[in-house]
>>> print(open('upload.txt').read())   # compact mmCIF, C-alpha atoms
# COMPACT_ATOMS: atom_id res chain seq x y z
CA MET S 207 -145.59 85.07 18.37
CA LYS S 208 -146.44 82.51 15.68
CA LYS S 209 -147.74 85.22 13.31
CA ARG S 210 -144.47 87.12 13.75
CA SER S 211 -142.44 84.01 12.89
CA ILE S 212 -144.56 83.39 9.78
CA LEU S 213 -144.12 87.02 8.71
CA ILE S 214 -140.34 86.86 9.19
CA PHE S 215 -140.20 83.59 7.26
CA ALA S 216 -142.28 85.06 4.42
CA VAL S 217 -140.01 88.12 4.16
CA VAL S 218 -136.89 85.93 4.11
CA VAL S 219 -138.39 83.69 1.40
CA PHE S 220 -139.40 86.76 -0.63
CA GLN S 221 -135.87 88.13 -0.28
CA ALA S 222 -134.34 84.82 -1.37
CA ILE S 223 -136.58 84.61 -4.43
CA SER S 224 -135.82 88.26 -5.25
CA ALA S 225 -132.09 87.64 -4.93
CA VAL S 226 -132.24 84.57 -7.20
CA LEU S 227 -134.27 86.44 -9.82
CA PHE S 228 -131.92 89.42 -9.59
CA VAL S 229 -128.89 87.15 -10.14
CA ILE S 230 -130.63 85.41 -13.07
CA ASN S 231 -131.41 88.85 -14.54
CA ILE S 232 -127.75 89.91 -14.26
CA ILE S 233 -126.54 86.63 -15.78
CA SER S 234 -129.00 87.01 -18.68
CA THR S 235 -127.85 90.56 -19.30
CA VAL S 236 -124.16 89.60 -19.30
CA THR S 237 -124.40 86.31 -21.21
CA GLY S 238 -127.55 86.76 -23.23
CA LEU S 239 -128.72 83.25 -22.25
CA PHE S 240 -132.19 84.28 -21.21
CA ALA S 241 -134.10 86.83 -23.23
CA PHE S 242 -136.27 88.92 -20.92
CA THR S 243 -138.43 91.70 -22.24
CA TRP S 244 -137.75 95.11 -20.78
CA MET S 245 -140.97 94.85 -18.73
CA VAL S 246 -139.96 91.50 -17.15
CA HIS S 247 -136.49 92.91 -16.59
CA GLU S 248 -137.92 95.93 -14.74
CA LEU S 249 -140.34 93.78 -12.71
CA ILE S 250 -137.47 91.55 -11.57
CA GLU S 251 -135.48 94.60 -10.50
CA LEU S 252 -138.53 96.08 -8.76
CA GLY S 253 -139.13 92.80 -6.90
CA ALA S 254 -135.49 92.64 -5.82
CA ALA S 255 -135.60 96.24 -4.62
CA VAL S 256 -138.82 95.58 -2.65
CA GLY S 257 -137.18 92.48 -1.14
CA LEU S 258 -134.16 94.53 -0.07
CA LEU S 259 -136.38 97.23 1.43
CA LEU S 260 -138.38 94.63 3.35
CA GLY S 261 -135.10 93.22 4.64
CA VAL S 262 -133.99 96.65 5.82
CA VAL S 263 -137.32 97.27 7.56
CA LEU S 264 -137.34 93.81 9.13
CA GLY S 265 -133.72 94.23 10.24
CA ALA S 266 -134.55 97.59 11.83
CA VAL S 267 -137.59 96.19 13.64
CA VAL S 268 -135.62 93.21 14.93
CA PHE S 269 -132.78 95.50 16.02
CA VAL S 270 -135.15 97.77 17.96
CA ARG S 271 -136.81 94.79 19.65
CA VAL S 272 -133.47 93.24 20.57
CA MET S 273 -132.31 96.53 22.06
CA GLN S 274 -135.57 96.86 24.04
CA ARG S 275 -135.19 93.29 25.31
CA THR S 276 -131.57 93.93 26.24
CA HIS S 277 -132.53 97.02 28.24
CA ARG S 278 -135.35 95.10 29.94
CA ILE S 279 -133.00 92.25 30.90
CA GLU S 280 -130.37 94.73 32.16
CA ASP S 281 -133.05 96.39 34.30
CA GLN S 282 -134.10 93.01 35.69
CA LEU S 283 -130.48 92.18 36.47
CA ARG S 284 -130.07 95.51 38.31
CA ILE S 285 -133.23 94.76 40.29
CA ALA S 286 -132.01 91.25 41.11
CA SER S 287 -128.61 92.59 42.16
CA GLY S 288 -130.26 95.24 44.33
CA ALA S 289 -132.60 92.65 45.83
CA PHE S 290 -129.66 90.39 46.68
CA MET S 291 -127.78 93.27 48.32
CA GLU S 292 -130.93 94.22 50.21
CA LEU S 293 -131.28 90.60 51.32
CA LEU S 294 -127.65 90.57 52.50
CA GLU S 295 -128.09 93.80 54.44
CA ASP S 296 -131.31 92.52 56.05
CA ARG S 297 -129.67 89.28 57.18
CA PHE S 298 -126.56 91.09 58.42
CA ALA S 299 -128.80 93.39 60.47
CA ASP S 300 -130.84 90.43 61.79
CA TRP S 301 -127.65 88.73 62.93
CA GLY S 302 -126.30 91.92 64.52
CA LEU S 303 -123.05 91.95 62.54
CA THR S 304 -120.63 94.77 63.17
CA PRO S 305 -119.51 96.88 60.17
CA ALA S 306 -116.22 94.95 60.05
CA GLU S 307 -118.06 91.62 60.18
CA ARG S 308 -120.37 92.80 57.39
CA ASP S 309 -117.37 93.54 55.18
CA VAL S 310 -115.78 90.18 55.96
CA ALA S 311 -119.08 88.35 55.37
CA LEU S 312 -119.54 90.08 52.02
CA PHE S 313 -116.01 89.20 50.92
CA ALA S 314 -116.50 85.61 52.10
CA ILE S 315 -119.76 85.30 50.16
CA LYS S 316 -117.95 86.62 47.09
CA GLY S 317 -115.57 83.66 47.47
CA MET S 318 -112.44 85.42 48.69
CA SER S 319 -109.96 83.52 50.81
CA THR S 320 -109.05 84.50 54.37
CA ASN S 321 -105.70 85.77 53.12
CA GLU S 322 -107.33 87.89 50.39
CA ILE S 323 -109.81 89.37 52.87
CA ALA S 324 -107.02 90.18 55.32
CA THR S 325 -105.02 91.89 52.58
CA LEU S 326 -108.02 93.93 51.39
CA ARG S 327 -108.96 94.97 54.90
CA GLN S 328 -105.34 95.48 55.94
CA THR S 329 -105.70 93.22 58.97
CA SER S 330 -104.17 89.95 60.04
CA GLU S 331 -105.51 86.57 58.98
CA GLY S 332 -106.18 85.82 62.64
CA THR S 333 -108.50 88.82 62.87
CA VAL S 334 -110.38 87.73 59.75
CA LYS S 335 -110.66 84.16 61.12
CA ALA S 336 -112.06 85.49 64.41
CA GLN S 337 -114.53 87.66 62.51
CA THR S 338 -115.65 84.80 60.24
CA ASN S 339 -116.16 82.58 63.30
CA ALA S 340 -118.28 85.33 64.89
CA ILE S 341 -120.29 85.63 61.65
CA TYR S 342 -120.89 81.87 61.48
CA ARG S 343 -121.92 81.79 65.14
CA LYS S 344 -124.34 84.72 64.74
CA ALA S 345 -125.79 83.22 61.54
CA GLY S 346 -126.12 79.79 63.11
CA VAL S 347 -123.97 78.02 60.53
CA SER S 348 -120.76 76.04 60.66
CA GLY S 349 -118.93 77.46 57.65
CA ARG S 350 -118.85 79.43 54.44
CA PRO S 351 -120.88 76.98 52.29
CA GLN S 352 -123.72 77.00 54.81
CA LEU S 353 -123.58 80.80 55.02
CA LEU S 354 -123.94 81.08 51.26
CA SER S 355 -126.73 78.48 51.23
CA LEU S 356 -128.78 80.68 53.58
CA PHE S 357 -128.92 83.36 50.91
CA ILE S 358 -129.54 80.91 48.09
CA ASP S 359 -132.42 79.39 50.08
CA ASP S 360 -133.89 82.86 50.64
CA LEU S 361 -133.62 83.75 46.95
CA MET S 362 -135.19 80.47 45.89
CA SER S 363 -138.04 80.74 48.38
CA GLY S 364 -139.83 83.47 46.49
CA PRO S 365 -139.70 86.13 43.82
CA LEU S 366 -136.96 88.72 44.05
CA GLY S 367 -137.77 91.56 46.37
CA THR S 368 -140.10 89.38 48.45
CA ALA S 369 -137.66 87.03 50.11
CA ALA S 370 -138.86 84.95 53.00
CA PRO S 371 -138.23 86.30 56.47
CA SER S 372 -135.00 85.29 58.15
CA PRO S 373 -135.31 82.16 60.29
CA PRO S 374 -134.44 82.51 63.96
CA GLN S 375 -130.77 82.02 64.73
CA GLY S 376 -129.70 78.41 64.91
CA GLU S 377 -132.99 77.10 63.48
CA HIS S 378 -132.29 77.23 59.76
CA VAL S 379 -133.29 74.03 58.00
CA GLU S 380 -131.46 73.08 54.80
CA LEU S 381 -132.31 70.05 52.70
CA GLY S 382 -134.20 68.57 55.60
CA LEU S 383 -131.24 68.69 57.98
CA GLU S 384 -131.47 71.00 60.96
CA ARG S 385 -128.50 73.17 61.80
CA GLY S 386 -127.40 74.00 65.23
>>> encode(input="upload.txt", output="structure tokens")
Amino acid sequence: MKKRSILIFAVVVFQAISAVLFVINIISTVTGLFAFTWMVHELIELGAAVGLLLGVVLGAVVFVRVMQRTHRIEDQLRIASGAFMELLEDRFADWGLTPAERDVALFAIKGMSTNEIATLRQTSEGTVKAQTNAIYRKAGVSGRPQLLSLFIDDLMSGPLGTAAPSPPQGEHVELGLERG
């Protein structure tokens, strides 16, 4: 990594020197202040052209590497998203949630209000409240923040895709405080 940084720095310095010499060459041609021989004049132009070409090559290499890194990060994000959804599905299955409770739990984890969930599911708020209470009871938590913390704890307990097994119902320990 250090060699790459030194190489990039050297190319940038070479480009800067080439640009300065190129500008001096143009000024001398226009004003006649500096008298360069035709050979020096051509060498300055050749150096500037080489500097520009190096900049194009360096820019292309950096662009390709940035694109590769972007694709790699997007792939990792897809994997993480899939792992989180897999974790959700595993916990929902462990808790024995019904399909309706799974939907409500997912919406609750996404941060939607009871009213928003009821509207999306085309049910009453009372039904959603009953379902969320059933979810909390089955998960062994007392509310939405604790429900979300179960998943955060699982994600933090190990690398994605290898989450820790679900604790038995009612025995989840968070920050040293036992739930029940």
>>> atom_distance(input="upload.txt", atom1="atom CA of Pro351 of chain S", atom2="atom CA of Glu295 of chain S")
18.4 Å
>>> residues_near_point(input="upload.txt", point="(-105.2, 87.2, 56.7)", cutoff="7 Å", atoms="all atoms listed in the file", output="number ranges by chain")
S: 320-325, 329-332, 334
>>> residues_around(input="upload.txt", residues="Leu354 of chain S", least_positions_apart="2", cutoff="10 Å", atoms="all atoms listed in the file", output="list in words")
Ala311, Ala314, Ile315, Lys316, Gly317, Val347, Gly349, Arg350, Pro351, Gln352, Leu356, Phe357, Ile358 and Asp359 of chain S
>>> atom_distance(input="upload.txt", atom1="atom CA of Gly302 of chain S", atom2="atom CA of Leu283 of chain S")
28.4 Å
>>> atom_distance(input="upload.txt", atom1="atom CA of Ile285 of chain S", atom2="atom CA of Ala266 of chain S")
28.6 Å
>>> closest_residue(input="upload.txt", among="S:Lys344, S:Thr333, S:Ser211, S:Gln328", to="Leu264 of chain S", atoms="all atoms listed in the file")
S:Ser211
>>> residues_around(input="upload.txt", residues="Leu260 of chain S", least_positions_apart="5", cutoff="9 Å", atoms="all atoms listed in the file", output="short mmCIF file (atom, residue, chain, number, x, y, z; two decimals) with C-alpha atoms, keeping the file's coordinate frame")
data_model
loop_
_atom_site.label_atom_id
_atom_site.label_comp_id
_atom_site.auth_asym_id
_atom_site.auth_seq_id
_atom_site.Cartn_x
_atom_site.Cartn_y
_atom_site.Cartn_z
CA VAL S 217 -140.01 88.12 4.16
CA VAL S 218 -136.89 85.93 4.11
CA PHE S 220 -139.40 86.76 -0.63
CA GLN S 221 -135.87 88.13 -0.28
CA ALA S 255 -135.60 96.24 -4.62
CA GLY S 265 -133.72 94.23 10.24
#
>>> closest_residue(input="upload.txt", among="S:Ala225, S:Leu361, S:Ile214, S:Ile232", to="Ala289 of chain S", atoms="all atoms listed in the file")
S:Leu361
